[in-house]
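K.L.:
My structure is stored as my_file31.cif, with mmCIF, C-alpha atoms.
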```
data_entry
#
loop_
_atom_site.group_PDB
_atom_site.id
_atom_site.type_symbol
_atom_site.label_atom_id
_atom_site.label_comp_id
_atom_site.auth_asym_id
_atom_site.auth_seq_id
_atom_site.Cartn_x
_atom_site.Cartn_y
_atom_site.Cartn_z
ATOM 1 C CA MET A 341 138.507 130.506 202.591
ATOM 2 C CA SER A 342 140.655 128.113 204.577
ATOM 3 C CA ALA A 343 139.866 124.417 204.536
ATOM 4 C CA GLU A 344 139.022 124.472 208.218
ATOM 5 C CA GLN A 345 137.766 127.425 210.217
ATOM 6 C CA GLN A 346 136.780 127.673 213.874
ATOM 7 C CA VAL A 347 133.349 129.191 214.439
ATOM 8 C CA ALA A 348 132.064 130.358 217.821
ATOM 9 C CA ALA A 349 129.038 128.521 219.176
ATOM 10 C CA PRO A 350 125.789 130.431 218.584
ATOM 11 C CA ALA A 351 124.001 132.179 221.441
ATOM 12 C CA ASP A 352 120.824 130.101 221.171
ATOM 13 C CA PRO A 353 120.731 126.666 222.818
ATOM 14 C CA LEU A 354 121.102 124.592 219.653
ATOM 15 C CA ARG A 355 124.743 123.753 220.072
ATOM 16 C CA THR A 356 126.280 123.303 223.488
ATOM 17 C CA GLU A 357 129.797 123.039 222.045
ATOM 18 C CA ASP A 358 131.828 124.969 219.503
ATOM 19 C CA PHE A 359 131.720 123.696 215.953
ATOM 20 C CA ARG A 360 133.904 124.411 212.991
ATOM 21 C CA THR A 361 133.219 124.616 209.292
ATOM 22 C CA VAL A 362 135.257 122.468 206.948
ATOM 23 C CA ALA A 363 135.450 123.038 203.195
ATOM 24 C CA VAL A 364 135.298 119.802 201.186
ATOM 25 C CA PRO A 365 134.806 119.387 197.429
ATOM 26 C CA GLY A 366 131.365 120.822 196.636
ATOM 27 C CA ALA A 367 130.302 121.640 200.199
ATOM 28 C CA VAL A 368 131.116 123.377 203.465
ATOM 29 C CA LEU A 369 130.314 121.157 206.447
ATOM 30 C CA ALA A 370 129.757 121.945 210.113
ATOM 31 C CA VAL A 371 131.611 119.514 212.377
ATOM 32 C CA THR A 372 131.385 119.185 216.161
ATOM 33 C CA GLY A 373 134.089 117.547 218.277
ATOM 34 C CA PRO A 374 136.177 115.700 219.119
ATOM 35 C CA PRO A 375 135.833 116.556 222.823
ATOM 36 C CA ALA A 376 138.864 117.681 224.781
ATOM 37 C CA GLY A 377 140.632 114.834 226.519
ATOM 38 C CA THR A 378 139.946 112.270 223.797
ATOM 39 C CA GLU A 379 143.322 112.644 222.111
ATOM 40 C CA GLY A 380 144.844 109.260 221.363
ATOM 41 C CA LEU A 381 141.514 107.435 221.294
ATOM 42 C CA PRO A 382 140.335 105.802 218.057
ATOM 43 C CA PRO A 383 138.371 108.230 215.851
ATOM 44 C CA ALA A 384 134.629 107.973 215.298
ATOM 45 C CA LEU A 385 132.266 109.883 213.033
ATOM 46 C CA PHE A 386 128.519 110.270 213.617
ATOM 47 C CA VAL A 387 126.120 110.933 210.711
ATOM 48 C CA HIS A 388 122.526 112.038 211.388
ATOM 49 C CA GLY A 389 119.264 111.259 209.626
ATOM 50 C CA LEU A 390 116.795 113.171 207.454
ATOM 51 C CA GLY A 391 115.938 116.537 209.000
ATOM 52 C CA GLY A 392 118.458 116.042 211.795
ATOM 53 C CA SER A 393 121.876 117.411 212.680
ATOM 54 C CA GLY A 394 124.982 116.522 214.612
ATOM 55 C CA ASP A 395 123.134 117.552 217.764
ATOM 56 C CA ASN A 396 121.191 114.268 217.506
ATOM 57 C CA TRP A 397 124.322 112.472 218.721
ATOM 58 C CA THR A 398 125.066 114.592 221.807
ATOM 59 C CA GLU A 399 123.920 112.024 224.358
ATOM 60 C CA LEU A 400 125.554 108.996 222.728
ATOM 61 C CA MET A 401 128.815 110.824 222.081
ATOM 62 C CA ALA A 402 128.959 111.748 225.773
ATOM 63 C CA GLU A 403 128.418 108.098 226.723
ATOM 64 C CA LEU A 404 131.289 106.998 224.468
ATOM 65 C CA ALA A 405 133.699 109.857 225.181
ATOM 66 C CA ASP A 406 136.076 107.585 227.094
ATOM 67 C CA VAL A 407 136.476 105.077 224.262
ATOM 68 C CA VAL A 408 136.391 107.110 221.009
ATOM 69 C CA ALA A 409 137.325 110.582 219.839
ATOM 70 C CA GLY A 410 133.948 111.329 218.319
ATOM 71 C CA GLU A 411 132.956 113.935 215.772
ATOM 72 C CA ALA A 412 129.453 114.691 214.478
ATOM 73 C CA VAL A 413 129.019 116.060 210.968
ATOM 74 C CA ASP A 414 126.055 118.030 209.615
ATOM 75 C CA LEU A 415 125.216 116.728 206.140
ATOM 76 C CA PRO A 416 125.051 119.362 203.362
ATOM 77 C CA GLY A 417 122.095 121.694 203.946
ATOM 78 C CA PHE A 418 121.280 120.327 207.414
ATOM 79 C CA GLY A 419 122.165 121.672 210.829
ATOM 80 C CA TRP A 420 124.727 124.426 210.359
ATOM 81 C CA SER A 421 126.089 123.149 207.023
ATOM 82 C CA ALA A 422 125.457 125.099 203.825
ATOM 83 C CA PRO A 423 123.558 123.414 200.975
ATOM 84 C CA PRO A 424 125.761 121.553 198.469
ATOM 85 C CA GLN A 425 127.129 123.771 195.729
ATOM 86 C CA ASP A 426 125.861 121.487 192.955
ATOM 87 C CA GLY A 427 122.462 120.866 194.557
ATOM 88 C CA ASP A 428 123.102 117.102 194.742
ATOM 89 C CA LEU A 429 121.138 115.859 197.760
ATOM 90 C CA SER A 430 121.124 112.195 196.777
ATOM 91 C CA VAL A 431 122.491 109.520 199.087
ATOM 92 C CA SER A 432 125.604 109.390 196.881
ATOM 93 C CA GLY A 433 125.928 113.174 197.096
ATOM 94 C CA HIS A 434 125.933 113.006 200.894
ATOM 95 C CA VAL A 435 128.412 110.109 200.743
ATOM 96 C CA ARG A 436 130.788 112.197 198.638
ATOM 97 C CA ALA A 437 130.651 115.008 201.206
ATOM 98 C CA VAL A 438 131.457 112.668 204.102
ATOM 99 C CA ILE A 439 134.264 110.992 202.141
ATOM 100 C CA GLY A 440 135.582 114.458 201.357
ATOM 101 C CA TYR A 441 135.665 115.290 205.039
ATOM 102 C CA LEU A 442 137.399 112.045 206.024
ATOM 103 C CA GLU A 443 140.020 112.563 203.314
ATOM 104 C CA GLN A 444 140.516 116.214 204.213
ATOM 105 C CA SER A 445 140.795 115.533 207.945
ATOM 106 C CA GLY A 446 142.944 112.409 207.597
ATOM 107 C CA ARG A 447 141.119 110.788 210.540
ATOM 108 C CA GLY A 448 140.154 107.580 208.775
ATOM 109 C CA PRO A 449 139.621 104.768 209.205
ATOM 110 C CA VAL A 450 136.873 105.669 211.691
ATOM 111 C CA HIS A 451 134.213 103.887 213.660
ATOM 112 C CA LEU A 452 131.224 105.112 211.640
ATOM 113 C CA PHE A 453 127.802 105.679 213.201
ATOM 114 C CA GLY A 454 124.690 106.410 211.121
ATOM 115 C CA ASN A 455 121.001 106.946 211.830
ATOM 116 C CA SER A 456 118.261 106.655 209.198
ATOM 117 C CA LEU A 457 119.534 108.549 206.115
ATOM 118 C CA GLY A 458 122.926 108.620 207.838
ATOM 119 C CA GLY A 459 122.740 104.838 208.033
ATOM 120 C CA ALA A 460 122.296 104.567 204.273
ATOM 121 C CA VAL A 461 125.188 106.991 203.809
ATOM 122 C CA ALA A 462 127.360 104.900 206.139
ATOM 123 C CA VAL A 463 126.586 101.631 204.331
ATOM 124 C CA ARG A 464 127.392 103.049 200.900
ATOM 125 C CA LEU A 465 130.548 104.704 202.184
ATOM 126 C CA ALA A 466 131.769 101.489 203.825
ATOM 127 C CA ALA A 467 131.162 99.541 200.614
ATOM 128 C CA LEU A 468 132.863 102.072 198.348
ATOM 129 C CA ARG A 469 135.720 103.096 200.645
ATOM 130 C CA PRO A 470 136.485 100.275 203.074
ATOM 131 C CA ASP A 471 139.822 101.950 203.811
ATOM 132 C CA LEU A 472 137.951 104.703 205.670
ATOM 133 C CA VAL A 473 135.842 102.535 207.992
ATOM 134 C CA ARG A 474 136.728 100.392 211.033
ATOM 135 C CA SER A 475 133.208 99.433 212.117
ATOM 136 C CA LEU A 476 129.596 100.396 211.479
ATOM 137 C CA THR A 477 126.891 101.172 214.032
ATOM 138 C CA LEU A 478 123.579 101.588 212.210
ATOM 139 C CA ILE A 479 120.553 102.886 214.091
ATOM 140 C CA SER A 480 117.300 102.417 212.156
ATOM 141 C CA PRO A 481 119.205 102.610 208.848
ATOM 142 C CA ALA A 482 117.232 103.708 205.786
ATOM 143 C CA LEU A 483 117.763 100.521 203.801
ATOM 144 C CA PRO A 484 115.185 99.744 201.087
ATOM 145 C CA GLU A 485 111.929 98.513 202.580
ATOM 146 C CA LEU A 486 109.149 97.987 200.054
ATOM 147 C CA PRO A 487 106.434 98.620 200.786
ATOM 148 C CA PRO A 488 107.302 100.912 203.696
ATOM 149 C CA GLN A 489 105.203 100.636 206.827
ATOM 150 C CA ARG A 490 102.052 102.755 206.772
ATOM 151 C CA THR A 491 103.234 105.181 209.462
ATOM 152 C CA ALA A 492 106.132 106.188 207.160
ATOM 153 C CA TRP A 493 103.882 107.164 204.228
ATOM 154 C CA PRO A 494 103.276 110.801 205.269
ATOM 155 C CA THR A 495 107.039 111.402 205.458
ATOM 156 C CA GLY A 496 107.565 109.790 202.061
ATOM 157 C CA LEU A 497 104.952 112.077 200.536
ATOM 158 C CA ILE A 498 107.291 115.072 200.731
ATOM 159 C CA ALA A 499 109.318 113.409 197.962
ATOM 160 C CA VAL A 500 106.328 113.433 195.582
ATOM 161 C CA PRO A 501 106.542 116.196 192.931
ATOM 162 C CA GLY A 502 104.081 119.008 193.655
ATOM 163 C CA VAL A 503 103.507 118.174 197.311
ATOM 164 C CA PRO A 504 106.194 120.532 198.721
ATOM 165 C CA ALA A 505 104.761 123.447 196.729
ATOM 166 C CA LEU A 506 101.314 122.590 198.053
ATOM 167 C CA LEU A 507 102.611 122.495 201.607
ATOM 168 C CA GLN A 508 104.091 125.958 201.192
ATOM 169 C CA ARG A 509 100.649 127.312 200.196
ATOM 170 C CA VAL A 510 98.773 125.636 203.041
ATOM 171 C CA PRO A 511 98.512 127.729 206.204
ATOM 172 C CA ALA A 512 100.127 126.288 209.317
ATOM 173 C CA ALA A 513 96.657 126.106 210.888
ATOM 174 C CA GLY A 514 97.831 128.344 213.687
ATOM 175 C CA ARG A 515 100.346 125.780 214.939
ATOM 176 C CA SER A 516 103.124 127.216 217.057
ATOM 177 C CA ALA A 517 106.727 126.078 216.819
ATOM 178 C CA GLU A 518 106.121 124.113 220.004
ATOM 179 C CA GLU A 519 103.121 122.297 218.493
ATOM 180 C CA ALA A 520 104.947 121.554 215.241
ATOM 181 C CA THR A 521 107.946 120.242 217.158
ATOM 182 C CA GLU A 522 105.685 118.047 219.267
ATOM 183 C CA GLY A 523 104.417 116.416 216.086
ATOM 184 C CA LEU A 524 107.966 115.706 214.969
ATOM 185 C CA LEU A 525 108.918 114.296 218.365
ATOM 186 C CA ARG A 526 105.923 111.968 218.292
ATOM 187 C CA LEU A 527 107.052 110.749 214.875
ATOM 188 C CA VAL A 528 110.613 109.842 215.836
ATOM 189 C CA TYR A 529 110.409 108.979 219.542
ATOM 190 C CA GLY A 530 108.805 105.915 221.025
ATOM 191 C CA ASP A 531 107.883 107.966 224.101
ATOM 192 C CA ALA A 532 107.575 111.617 223.094
ATOM 193 C CA PRO A 533 106.147 112.766 226.473
ATOM 194 C CA GLY A 534 109.313 111.426 228.086
ATOM 195 C CA VAL A 535 111.647 113.712 226.106
ATOM 196 C CA PRO A 536 113.693 115.757 228.619
ATOM 197 C CA ALA A 537 112.798 119.447 228.852
ATOM 198 C CA GLU A 538 116.233 120.615 227.711
ATOM 199 C CA ARG A 539 116.138 118.377 224.617
ATOM 200 C CA ARG A 540 112.605 119.593 223.836
ATOM 201 C CA GLU A 541 113.664 123.242 224.119
ATOM 202 C CA ARG A 542 116.590 122.652 221.786
ATOM 203 C CA ALA A 543 114.272 120.962 219.278
ATOM 204 C CA VAL A 544 111.860 123.925 219.335
ATOM 205 C CA ALA A 545 114.704 126.407 218.888
ATOM 206 C CA GLU A 546 116.092 124.406 215.979
ATOM 207 C CA TYR A 547 112.639 124.217 214.363
ATOM 208 C CA ARG A 548 112.348 128.009 214.507
ATOM 209 C CA ARG A 549 115.840 128.487 213.090
ATOM 210 C CA ARG A 550 115.308 126.040 210.229
ATOM 211 C CA ALA A 551 111.902 127.548 209.379
ATOM 212 C CA ALA A 552 113.629 130.872 208.694
ATOM 213 C CA LEU A 553 116.170 129.414 206.262
ATOM 214 C CA PRO A 554 115.205 129.899 202.588
ATOM 215 C CA TYR A 555 116.666 126.536 201.557
ATOM 216 C CA ALA A 556 115.402 124.352 204.421
ATOM 217 C CA LEU A 557 112.411 122.812 202.617
ATOM 218 C CA GLU A 558 114.360 122.320 199.392
ATOM 219 C CA VAL A 559 117.073 120.403 201.247
ATOM 220 C CA LEU A 560 114.548 118.267 203.096
ATOM 221 C CA VAL A 561 112.642 117.431 199.910
ATOM 222 C CA GLY A 562 115.780 116.798 197.873
ATOM 223 C CA SER A 563 117.196 114.438 200.464
ATOM 224 C CA ALA A 564 113.855 112.622 200.830
ATOM 225 C CA ARG A 565 113.810 112.113 197.065
ATOM 226 C CA GLY A 566 117.369 110.848 197.316
ATOM 227 C CA ILE A 567 116.256 108.168 199.773
ATOM 228 C CA VAL A 568 113.350 107.162 197.527
ATOM 229 C CA SER A 569 115.711 106.990 194.552
ATOM 230 C CA ALA A 570 118.156 104.833 196.523
ATOM 231 C CA TYR A 571 115.301 102.467 197.370
ATOM 232 C CA THR A 572 114.799 101.792 193.658
ATOM 233 C CA GLU A 573 118.444 101.351 192.642
ATOM 234 C CA ARG A 574 119.455 97.932 191.373
ATOM 235 C CA GLY A 575 122.673 96.105 190.587
ATOM 236 C CA GLU A 576 125.932 97.258 192.144
ATOM 237 C CA GLN A 577 124.318 100.508 193.311
ATOM 238 C CA SER A 578 121.698 98.693 195.365
ATOM 239 C CA LEU A 579 122.116 99.473 199.054
ATOM 240 C CA TRP A 580 121.418 95.836 199.906
ATOM 241 C CA ARG A 581 124.109 94.703 197.451
ATOM 242 C CA GLN A 582 126.494 97.220 198.997
ATOM 243 C CA ALA A 583 125.630 95.938 202.482
ATOM 244 C CA GLU A 584 126.799 92.511 201.351
ATOM 245 C CA GLN A 585 130.169 94.018 200.414
ATOM 246 C CA VAL A 586 130.818 95.402 203.920
ATOM 247 C CA ARG A 587 133.395 93.342 205.796
ATOM 248 C CA VAL A 588 133.841 95.341 209.006
ATOM 249 C CA PRO A 589 131.891 94.449 212.171
ATOM 250 C CA VAL A 590 128.371 95.916 212.177
ATOM 251 C CA LEU A 591 125.999 96.735 215.032
ATOM 252 C CA LEU A 592 122.342 97.048 214.005
ATOM 253 C CA VAL A 593 119.974 98.886 216.351
ATOM 254 C CA TYR A 594 116.204 98.828 215.876
ATOM 255 C CA GLY A 595 113.329 100.109 217.992
ATOM 256 C CA LEU A 596 110.035 98.236 218.105
ATOM 257 C CA LYS A 597 108.167 101.567 218.290
ATOM 258 C CA ASP A 598 109.887 102.991 215.191
ATOM 259 C CA LYS A 599 107.282 104.630 212.916
ATOM 260 C CA LEU A 600 109.684 105.156 210.003
ATOM 261 C CA VAL A 601 111.865 102.034 209.718
ATOM 262 C CA SER A 602 110.187 98.747 210.506
ATOM 263 C CA TYR A 603 111.861 96.124 212.680
ATOM 264 C CA ARG A 604 111.023 93.625 209.936
ATOM 265 C CA SER A 605 114.086 95.009 208.089
ATOM 266 C CA ALA A 606 116.336 93.684 210.839
ATOM 267 C CA ARG A 607 116.259 90.082 209.646
ATOM 268 C CA ARG A 608 117.314 91.014 206.118
ATOM 269 C CA ALA A 609 119.994 93.367 207.451
ATOM 270 C CA CYS A 610 121.453 90.680 209.714
ATOM 271 C CA ALA A 611 121.636 88.340 206.724
ATOM 272 C CA ALA A 612 123.142 90.950 204.398
ATOM 273 C CA PHE A 613 126.131 92.007 206.506
ATOM 274 C CA ALA A 614 128.930 89.469 206.832
ATOM 275 C CA ASP A 615 129.593 90.233 210.508
ATOM 276 C CA ALA A 616 126.498 91.671 212.203
ATOM 277 C CA ARG A 617 125.042 91.751 215.671
ATOM 278 C CA LEU A 618 121.583 93.043 216.566
ATOM 279 C CA LEU A 619 120.226 95.188 219.397
ATOM 280 C CA VAL A 620 116.441 95.507 219.663
ATOM 281 C CA LEU A 621 114.991 98.118 222.009
ATOM 282 C CA PRO A 622 111.288 97.433 222.717
ATOM 283 C CA ASP A 623 110.500 100.969 223.919
ATOM 284 C CA SER A 624 112.543 102.926 221.386
ATOM 285 C CA GLY A 625 111.459 104.752 218.248
ATOM 286 C CA HIS A 626 113.504 105.983 215.290
ATOM 287 C CA VAL A 627 116.273 107.722 217.264
ATOM 288 C CA ALA A 628 117.439 105.144 219.789
ATOM 289 C CA MET A 629 120.706 107.020 220.358
ATOM 290 C CA MET A 630 118.647 109.912 221.778
ATOM 291 C CA GLU A 631 116.048 107.854 223.638
ATOM 292 C CA HIS A 632 118.253 105.099 225.029
ATOM 293 C CA PRO A 633 121.880 106.291 224.760
ATOM 294 C CA VAL A 634 123.090 104.123 227.656
ATOM 295 C CA GLN A 635 121.819 100.887 226.100
ATOM 296 C CA VAL A 636 123.117 101.815 222.648
ATOM 297 C CA ALA A 637 126.488 102.810 224.107
ATOM 298 C CA ARG A 638 126.777 99.500 225.944
ATOM 299 C CA ALA A 639 126.295 97.551 222.726
ATOM 300 C CA ALA A 640 128.610 99.912 220.819
ATOM 301 C CA ARG A 641 131.344 99.402 223.395
ATOM 302 C CA GLU A 642 131.214 95.663 222.785
ATOM 303 C CA LEU A 643 131.594 96.282 219.071
ATOM 304 C CA LEU A 644 134.406 98.810 219.533
ATOM 305 C CA ALA A 645 136.271 96.386 221.771
ATOM 306 C CA ARG A 646 136.789 94.195 218.719
ATOM 307 C CA GLY A 647 139.095 96.825 217.260
#
```
Spell out the structure here as structure tokens.

P.N.:
Amino acid sequence: MSAEQQVAAPADPLRTEDFRTVAVPGAVLAVTGPPAGTEGLPPALFVHGLGGSGDNWTELMAELADVVAGEAVDLPGFGWSAPPQDGDLSVSGHVRAVIGYLEQSGRGPVHLFGNSLGGAVAVRLAALRPDLVRSLTLISPALPELPPQRTAWPTGLIAVPGVPALLQRVPAAGRSAEEATEGLLRLVYGDAPGVPAERRERAVAEYRRRAALPYALEVLVGSARGIVSAYTERGEQSLWRQAEQVRVPVLLVYGLKDKLVSYRSARRACAAFADARLLVLPDSGHVAMMEHPVQVARAARELLARG
């Protein structure tokens, strides 16, 4: 298999652009972009959160297409990427895959964007490989927050041994893909009823596709456990300690309606990073780049203008 292979976009509405698969050590990743016409612009890489995919960045990437040559990567086992060959779904495992892609592609240093789990991946990557990163934009990053806010507890439960097996035995209570997707949208959006129809349809189609994959739950559970494990790491492996090692400019984006990452983390994050600026969106939830791409892009442009 070649290191990089073009793959035609699927017929269903999950991906509006072609993506390619890229073989890196221990994984085969799906990568979207950069868009045509962005040659010569500084490179950027977008890393999604738990249960997401590169499609989560479609709106923001479009807003920034005139200032960066953006690519979105599907982490191992998510989106259209295959599960990792060694089964390592820890934060460090995902970091290794992204580093592998940046080394294989030769596009670094990049402006690195991360949401939730992708934010934790971005922080660790920037601390370990500063040569690969020009700036960080972190949207509701999954940095250790103990105790987590109460609305995040149900999501954290999937990391508890025995719970995933129980969930597999419990009937879906007659819920359709549309109903299940609605529950997910209400979890991550500040205003779920305001989600555009096209975005909602893509989310339903992706839910159906993922539900048919034999490894989907295993990847979700393994990555959730990886986040929990990262929350308990101490010393040099602590994500907060690694945040203190980051020297590139950082944009932190938090939504006041986020049910998974509390805004109370923003103060500690601003103090941890050496060069940080903060954007707070009162009406946004966990995925501000999808809910308020124009506002996030405006703040990102200011950061990118610094080099």

K.L.:
What's the separation between CA of Pro484 (chain A) and CA of Ala437 (chain A), in Å to one decimal place?

P.N.:
21.7 Å

K.L.:
With 12 Å as the cut-off and only C-alpha atoms counted, what is the closest atom pair between each nearby residue of region 380-474 of chain A and region 516-528 of chain A? Distances in Å to one decimal, ordered by chain and number, as a tab-separated table.

P.N.:
```
residue	atom	partner	partner_atom	distance
A:Gly389	CA	A:Val528	CA	10.7
A:Leu390	CA	A:Val528	CA	10.9
A:Gly391	CA	A:Leu524	CA	10.0
A:Gly392	CA	A:Val528	CA	10.8
A:Asn396	CA	A:Val528	CA	11.6
A:Asn455	CA	A:Val528	CA	11.5
A:Ser456	CA	A:Val528	CA	10.6
```

K.L.:
Would you please work out which residue, of A:Ser393, A:Gln444, A:Gln582, A:Thr372, is nearest to Ala609 (chain A) when using all atoms listed in the file?

P.N.:
A:Gln582

K.L.:
So which one's closest to Gly562 (chain A), A:Ser475, A:Ser605, A:Ser430, A:Gln425? Using all atoms listed in the file, please.

P.N.:
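The shortest atom-to-atom distance to Gly562 (chain A) comes from A:Ser430.
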
K.L.:
Around (144.5, 106.2, 212.4), as given in the file, which residues come within 10 Å? Count all atoms listed in the file and list them as a ChimeraX atom specification.

P.N.:
/A:380-383,446-450,472,474

K.L.:
Just to confirm, what's the straight-line distance from CA of Pro622 (chain A) to CA of Ser602 (chain A) in Å (one decimal)?

P.N.:
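CA of Ser602 (chain A) lies at a distance of 12.3 Å from CA of Pro622 (chain A).
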
K.L.:
As a check of understanding, name the residues that the PyMOL selection byres ((chain A and resi 606) around 12) selects in the supplied structure, as a PyMOL selection string.

P.N.:
chain A and resi 478-485+591-596+601-605+607-613+616-620

K.L.:
Quick one: apply the PyMOL selection byres ((chain A and resi 398) around 10) to the file and drop the selected residues here as a VMD selection string.

P.N.:
chain A and resid 355 to 357 372 386 394 to 397 399 to 403 411 to 412 629 to 630 633

K.L.:
What would the list of residues within 6 Å of (121.4, 107.4, 197.4) (file frame) look like as a PyMOL selection string, if only C-alpha atoms are what count?

P.N.:
chain A and resi 430-432+566-567+570

K.L.:
So which one's closest to Arg565 (chain A), A:Ala628, A:Ala405, A:Leu429, A:Ala384? Using all atoms listed in the file, please.

P.N.:
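Among the listed residues, A:Leu429 lies closest to Arg565 (chain A).
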
K.L.:
Please indicate the distance in Å from CA of Gly419 (chain A) to CA of Phe453 (chain A), rounded to one decimal place.

P.N.:
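Computing the Euclidean distance for CA of Gly419 (chain A) and CA of Phe453 (chain A) yields 17.1 Å.
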
K.L.:
Residues within 8 Å of Gln585 (chain A), please, as a PDB file with C-alpha atoms, keeping the file's coordinate frame. Count only C-alpha atoms; anything in the same chain fewer than 2 positions from it doesn't count.

P.N.:
```pdb
ATOM      1  CA  ALA A 467     131.162  99.541 200.614  1.00  0.00           C
ATOM      2  CA  ARG A 581     124.109  94.703 197.451  1.00  0.00           C
ATOM      3  CA  GLN A 582     126.494  97.220 198.997  1.00  0.00           C
ATOM      4  CA  ALA A 583     125.630  95.938 202.482  1.00  0.00           C
ATOM      5  CA  ARG A 587     133.395  93.342 205.796  1.00  0.00           C
ATOM      6  CA  PHE A 613     126.131  92.007 206.506  1.00  0.00           C
ATOM      7  CA  ALA A 614     128.930  89.469 206.832  1.00  0.00           C
TER       8      ALA A 614
END
```

K.L.:
Check the smallest atom-to-atom distance from each of A:Gly417, A:Ala645, A:Phe359, A:Leu369 to Arg550 (chain A) using all atoms listed in the file, then report the winner.

P.N.:
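Selected residue with least distance to Arg550 (chain A): A:Gly417.
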
K.L.:
For region 615-631 of chain A, I'd like the enclosing box, axis-aligned and padded by 8 Å on every side, reported as lines of an AutoDock Vina configuration file with centre and edge lengths in Å to one decimal.

P.N.:
```
center_x = 120.0
center_y = 100.1
center_z = 217.2
size_x = 35.1
size_y = 35.7
size_z = 29.4
```

K.L.:
Give the answer as one residue: which of A:Glu631, A:Val473, A:Glu443, A:Val413 has the shortest atom-to-atom distance to Pro536 (chain A), using only C-alpha atoms?

P.N.:
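When distances to Pro536 (chain A) are compared using only C-alpha atoms, the smallest one comes from A:Glu631.
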
K.L.:
Looking at only C-alpha atoms, which of A:Leu557, A:Ala551, A:Val535, A:Val438 is the one that sits closest to His632 (chain A)?

P.N.:
A:Val535

K.L.:
Going by the chain IDs and residue numbers used in this file, which residues fall under the PyMOL selection byres ((chain A and resi 644) around 9)? Write them as a list in words.

P.N.:
Val407, Val408, His451, Arg474, Ser475, Pro589, Ala639, Ala640, Arg641, Glu642, Leu643, Ala645, Arg646 and Gly647 of chain A

K.L.:
Rebuild all heavy atoms on region 594-598 of chain A, as a CSV table (one decimal), in the coordinates of the input?

P.N.:
```csv
chain,number,residue,atom,x,y,z
A,594,TYR,N,117.6,98.6,216.3
A,594,TYR,CA,116.2,98.8,215.9
A,594,TYR,C,115.3,99.0,217.1
A,594,TYR,O,115.5,98.4,218.1
A,594,TYR,CB,115.7,97.7,215.0
A,594,TYR,CG,116.3,97.6,213.7
A,594,TYR,CD1,117.5,96.9,213.5
A,594,TYR,CD2,115.6,98.1,212.6
A,594,TYR,CE1,118.0,96.8,212.2
A,594,TYR,CE2,116.2,98.0,211.3
A,594,TYR,CZ,117.4,97.3,211.1
A,594,TYR,OH,117.9,97.2,209.8
A,595,GLY,N,114.3,99.9,217.0
A,595,GLY,CA,113.3,100.1,218.0
A,595,GLY,C,112.0,99.5,217.6
A,595,GLY,O,111.6,99.7,216.4
A,596,LEU,N,111.3,98.8,218.5
A,596,LEU,CA,110.0,98.2,218.1
A,596,LEU,C,108.9,99.3,217.9
A,596,LEU,O,107.9,99.0,217.4
A,596,LEU,CB,109.6,97.2,219.2
A,596,LEU,CG,110.5,95.9,219.2
A,596,LEU,CD1,109.9,94.9,220.2
A,596,LEU,CD2,110.6,95.3,217.8
A,597,LYS,N,109.2,100.5,218.4
A,597,LYS,CA,108.2,101.6,218.3
A,597,LYS,C,108.5,102.6,217.2
A,597,LYS,O,108.0,103.7,217.1
A,597,LYS,CB,108.0,102.3,219.6
A,597,LYS,CG,107.4,101.4,220.7
A,597,LYS,CD,107.1,102.2,222.0
A,597,LYS,CE,106.4,101.4,223.0
A,597,LYS,NZ,106.1,102.1,224.3
A,598,ASP,N,109.4,102.1,216.3
A,598,ASP,CA,109.9,103.0,215.2
A,598,ASP,C,108.8,103.1,214.2
A,598,ASP,O,108.3,102.1,213.6
A,598,ASP,CB,111.1,102.4,214.5
A,598,ASP,CG,111.8,103.3,213.6
A,598,ASP,OD1,111.2,104.2,213.0
A,598,ASP,OD2,113.1,103.1,213.4
```
